[in-house]
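A short write-up of the structure that comes next.
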Amino acid sequence: MKAARWLGSLAVVGAAALAIGCGTPGEDSDSGSTSSTPATTASRAPDVAAAGDVTLTVWDQEVRGGQAAQIKELNRQFQAKYPNVTIRRVAKSFDDLNTTLKLAVSGPDAPDVVQANQGLGVMGQLVRGRLLRPVDDYARVYDWESRYPSLLIDLNRFEADGTRFGSGDLYGLSQMGEIVGVFYNKRLVRELPRTLEEFEAQLEAARAAGDVPIQFGNLDKWPGIHEYETVLGQVADKQEVRDFTFQTDGASFDTAGFRDGATKLQEWADKGYFTPDFNGVGYDPAWQQFAKGNGHFLIAGTWLVADLADQMGDDVGFMLMPGREAGGDPVALGGEGLPFTITSKSANPDVAAAYIDFLTDENAARVLTETNNLAAMKLPTPAAAPGLPTDVAEAWRTLGEVDGLIPYLDYTTPTFGDDLGGAIQELTAGKQTPDEFTAGIQQRVEDSKAGS
């Protein structure tokens, strides 16, 4: 399946919600700032070969199998094309990147290019602190906007004060599309469930047989958000989820839909459908156990496709979580990977822009596909490899056709990832009721707004 055929339809996903996205940063707007980099300095594509000897420092979180393979190959190709450029790559886990990034980009030896998580928690704080350079000038000379559906390009836009995203200046480009769905062990799952009720029946059968129904590690907190939203998409209205994430006027977390999701997730935890002691198990150990053949299902993102395909071969498949009715339009959590951005302190913004262009052009889309990744760009690519990659490509196409994506909830406020992740740990441990969970989260959102 060509990416050019199925990515274009994602432009309709949440366009209205993006236009009104807002939130509340928690730090002074001049924090860590030196100066504001103009958004319109480049008038033509930079001549990288004429830039002289350049060391480009890049921080990324492309550390898992297929992610690592594609970035290493593209870095090799870029340096071969431009022998005057040396890429100094600093690879970090997602968690490590998020906790160290702001200090790094505000320091005297800031990297040139960094991946920064979308939403108000990370990217919004860097924009507000004037630590990232707008790239609209480079977008014009390279025609970057033509590469993406409008939703995916808009996810990397911010107003200059960093309090609103989905509109304003462009601050980076993402390489990969993402879906959080359900991986399944074909040796254990012989018939795919058509409804949520049938899925739960398979979970119960697995538990009764002494097997692990769903491999789940929530020590890191953020995986629980994915588990919750995957359930939420089946029991709540998708527009309700979008409106809350982008803080549409009147949107609330303390609603029947969000409570229904919490009730279902807590029910699964109480019934023993997850890995034993899941709140004390790390994300990586959980999926690695699934890769070894332990567990019927794994709710996780498509960033694991290359690893799981490599370790499980034909024994692993991917599906979207079934809804309440057979044949209904699917809903799934997803969007795009972390964008590559240029820091305000970069001494080589032209070379940095050329590097980002190289990571997201047609050749990059081909490399991404060949390394079992899902290219976010609407550019021609080879057909996905048979098996798991094809499952994912078909799921992505279907979600685009039915407008089925819902955004990551942790975009909502600067602290929402920690707030929601910690509350989900308490919910699944039985320390909060669903009513307490939704009311508490809504109060945190209101407190965040009041403190801005």
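Each chain of the structure tokens is named A, B, ... in the order shown, its residues numbered from 1; ligands are numbered from 1 in display order.
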
So that I can see what lies close to Asp112 (chain A), please list as a PDB file with C-alpha atoms, in the first residue's frame the residues with an atom at most 10 Å from it, counting only C-alpha atoms and leaving out residues fewer than 4 positions away in the same chain.
```pdb
ATOM      1  CA  THR A  55      29.540  19.220  13.398  1.00  0.00           C
ATOM      2  CA  LEU A  56      25.808  18.859  13.806  1.00  0.00           C
ATOM      3  CA  THR A  57      24.742  17.682  17.271  1.00  0.00           C
ATOM      4  CA  VAL A  58      21.448  15.783  17.202  1.00  0.00           C
ATOM      5  CA  TRP A  59      19.453  14.470  20.154  1.00  0.00           C
ATOM      6  CA  ARG A  88      27.194  13.875  16.543  1.00  0.00           C
ATOM      7  CA  VAL A 105      18.767  23.293  24.909  1.00  0.00           C
ATOM      8  CA  LEU A 132      13.284  26.414  19.607  1.00  0.00           C
ATOM      9  CA  THR A 341      13.249  20.694  15.740  1.00  0.00           C
ATOM     10  CA  ILE A 342      16.035  23.286  15.513  1.00  0.00           C
ATOM     11  CA  THR A 343      17.224  24.893  18.727  1.00  0.00           C
ATOM     12  CA  SER A 344      17.453  28.673  18.983  1.00  0.00           C
ATOM     13  CA  LYS A 345      21.107  28.403  19.958  1.00  0.00           C
ATOM     14  CA  SER A 346      22.130  26.299  16.972  1.00  0.00           C
ATOM     15  CA  ALA A 347      25.122  27.809  15.197  1.00  0.00           C
ATOM     16  CA  ASN A 348      24.168  25.908  12.044  1.00  0.00           C
ATOM     17  CA  PRO A 349      20.424  26.323  11.444  1.00  0.00           C
ATOM     18  CA  VAL A 351      22.531  22.679   7.941  1.00  0.00           C
ATOM     19  CA  ALA A 352      20.046  21.598  10.607  1.00  0.00           C
ATOM     20  CA  ALA A 353      17.150  22.420   8.268  1.00  0.00           C
TER      21      ALA A 353
END
```

Pull the closest atom pair for each residue of region 176-250 of chain A that gets at most 12 Å from region 440-445 of chain A, along with the distance in Å to one decimal, counting only C-alpha atoms, ordering rows by chain and then ascending residue number, as a Markdown table.
```
| residue | atom | partner | partner_atom | distance |
| --- | --- | --- | --- | --- |
| A:Phe244 | CA | A:Gln442 | CA | 9.9 |
| A:Thr245 | CA | A:Val445 | CA | 10.6 |
| A:Phe246 | CA | A:Val445 | CA | 11.8 |
| A:Gln247 | CA | A:Val445 | CA | 9.5 |
| A:Gly250 | CA | A:Gln442 | CA | 11.7 |
```

Find the nearest atom pair between each residue of region 245-350 of chain A and region 428-438 of chain A for residues within 8 Å, count only C-alpha atoms, give distances in Å to one decimal, sort rows by chain and ascending number, and present the table as a tab-separated table.
```
residue	atom	partner	partner_atom	distance
A:Phe253	CA	A:Thr438	CA	5.8
A:Asp254	CA	A:Thr438	CA	4.7
A:Thr255	CA	A:Thr438	CA	7.4
A:Phe258	CA	A:Thr438	CA	6.7
A:Arg259	CA	A:Pro434	CA	5.6
A:Asp260	CA	A:Pro434	CA	7.9
A:Ala262	CA	A:Pro434	CA	5.4
A:Thr263	CA	A:Pro434	CA	5.6
A:Leu265	CA	A:Thr428	CA	7.0
A:Gln266	CA	A:Thr428	CA	5.0
A:Ala269	CA	A:Thr428	CA	5.8
A:Asp270	CA	A:Thr428	CA	7.7
A:Asn279	CA	A:Ala429	CA	7.9
```

Taking only C-alpha atoms into account, produce a table as a Markdown table in which each residue of region 390-439 of chain A with an atom at most 10 Å from an atom of region 149-172 of chain A appears once, together with its shortest atom pair and the distance in Å to one decimal, ordered by chain and rising number.
```
| residue | atom | partner | partner_atom | distance |
| --- | --- | --- | --- | --- |
| A:Pro407 | CA | A:Leu155 | CA | 9.8 |
| A:Tyr411 | CA | A:Phe165 | CA | 9.3 |
| A:Thr413 | CA | A:Thr163 | CA | 9.2 |
| A:Pro414 | CA | A:Thr163 | CA | 9.4 |
```

Written selection (C-alpha atoms) as a tab-separated table (two decimals), in the first residue's frame:
```tsv
chain	number	residue	atom	x	y	z
A	407	PRO	CA	-5.04	12.40	20.08
A	411	TYR	CA	-1.03	16.99	25.17
A	413	THR	CA	-1.59	20.62	29.97
A	414	PRO	CA	2.12	20.92	30.73
```

### Task
Write out as a list in words the residues lying within 8 Å of region 220-226 of chain A, counting only C-alpha atoms and excluding same-chain residues fewer than 6 positions away.
Val180, Asn279, Gly282, Tyr283, Ile299, Ala300, Leu333, Leu409, Asp410, Gly417, Asp418, Leu420, Gly421, Gly422, Ile424 and Gln425 of chain A

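Atom pair CA of Ala365 (chain A) / CA of Phe340 (chain A) has a distance of 15.1 Å (rounded to one decimal).
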
### Message
For Gln311 (chain A), find every residue with an atom within 8 Å (counting only C-alpha atoms), except residues of its own chain fewer than 4 positions away, and show them as a ChimeraX atom specification.
### Response
/A:291-292,307

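With only C-alpha atoms as the atoms that count, the minimum distance from Val305 (chain A) to the choices A:Asp391, A:Asp47, A:Asp419, A:Asp277 is reached by A:Asp391.
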
### Message
Let's see if you can do this: from backbone DSSP, list all strand (DSSP E) residues in region 133-266 of chain A, as number ranges by chain.
### Response
A: 157-158, 169-170, 177-185, 214-215

### Message
My list of candidates is A:Leu126, A:Asn218, A:Ala91, A:Gly272. Which is closest to Glu426 (chain A) when distances are computed with only C-alpha atoms?
### Response
A:Asn218
